[in-house]
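Taking it in order: structure first as structure tokens, then the write-up.
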Amino acid sequence: MTRLAAVAALSLALLLNLPTTAQANNGTSADTTAVQSTVKNYIEAYYTGDARRMKKTLHPHYLKYMIHGDIPMREKTGLEMVKEVAKGPSSQPQTEKVEQVTVLDIAGDIASAKLVTPHWVDYMTLSRLDGEWKILSVVQRIDD
């Protein structure tokens with residue numbers, strides 16, 4: 001429960017600070033490109049069912065929160081995410097497998113990004129671990 005509270009607090013703090021920090025991306029262009037690449041690999045691994053590729057994008061403490069209308073909030077760990085992806089490619093039509101990735105902020109070894117798809121929006125917190133950007137948490141708003 002402590003880990004859940006810490007990740008939720010960190011995600012909430014980053015989201016609340018977006019209006020003031022989103023314009024002050026302090027990372028290098030190499031960091032921005034690396035964060036974008038991590039997020040692209042995450043969504044493409046989901047679309048294609050590539051569990052190995054998905055696992056490479058996730059921080060060991062990854063946790064995802066899914067918000068979908070009146071359905072109670074759900075959580076998914078990194079292991080659960082990898083197992084889900086390992087079941088095979090997404091059933092979405094190819095025309096709906098599009099995304100827009102925006103790096104919102106980079107501060108040292110922490111970054112925030114936004115992933116927009118036709119059916120959901122992910123707000124992500126990333127952390128640099130052993131020189132690589134990994135997705136630490138996701139707050140997902142499902143639109144349909």
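Chain labels run A, B, ... following the order of the structure tokens; each chain numbers its residues from 1, and ligands are numbered from 1 in the order shown.
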Strand (DSSP E or B) positions in chain A, given as number ranges by chain: A: 58-68, 71-77, 100-107, 110-116, 120-129, 132-142
May I have the residues within 12 Å of Glu96 in chain A as a PyMOL selection string, using only C-alpha atoms and disregarding those fewer than 5 positions away in the same chain? chain A and resi 47+90-91+116-120
Can you work out the spacing between CA of Thr77 in chain A and CA of Tyr62 in chain A in Å, to one decimal?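 Separation of CA of Thr77 in chain A and CA of Tyr62 in chain A: 6.0 Å.
Take the candidates A:Ser137, A:Thr28, A:Ala34, A:Ile43 and check each one against Lys97 in chain A using only C-alpha atoms; the shortest distance goes to A:Ile43.
Using only C-alpha atoms, the nearest neighbour of Gly108 in chain A within the list A:Met66, A:Val82, A:Leu126, A:Ala51 is A:Leu126.
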Minimum-distance residue to Tyr46 in chain A, chosen among A:Val85, A:Ala111, A:Leu129, A:Val138 (using only C-alpha atoms): A:Val85
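By only C-alpha atoms, and with residues fewer than 5 positions from His59 in chain A along its chain excluded, the set lying at most 9 Å from it is Gly78, Leu126, Ser127, Arg128, Leu129, Trp133, Lys134, Ile135, Leu136 and Ser137 of chain A.
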Using the selection just defined, write its residues with C-alpha atoms as a short mmCIF file (atom, residue, chain, number, x, y, z; two decimals), in the first residue's frame.
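Just written: part.cif:
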```cif
data_model
loop_
_atom_site.label_atom_id
_atom_site.label_comp_id
_atom_site.auth_asym_id
_atom_site.auth_seq_id
_atom_site.Cartn_x
_atom_site.Cartn_y
_atom_site.Cartn_z
CA GLY A 78 4.40 -4.48 -14.73
CA LEU A 126 9.40 7.96 -16.42
CA SER A 127 12.61 7.46 -14.50
CA ARG A 128 16.13 7.04 -15.80
CA LEU A 129 17.44 3.70 -14.56
CA TRP A 133 14.37 5.77 -19.54
CA LYS A 134 11.77 3.43 -18.01
CA ILE A 135 8.05 3.97 -17.47
CA LEU A 136 7.42 4.14 -13.73
CA SER A 137 3.71 4.92 -13.66
#
```
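Shortest atom-to-atom contact with Ser37 in chain A among A:Asp109, A:Asp122, A:Val103, A:Lys64: A:Val103, counting only C-alpha atoms.
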I need the alpha helix (DSSP H) residues of range 3-130 of chain A per DSSP on the backbone, written as number ranges by chain. A: 3-16, 18-21, 29-48, 51-57, 78-86
Restricting the calculation to only C-alpha atoms, which member of A:Glu132, A:Gly27, A:Leu115, A:Thr33 is positioned closest to Val98 in chain A?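 Between A:Glu132, A:Gly27, A:Leu115, A:Thr33, the residue approaching Val98 in chain A most closely is A:Leu115.
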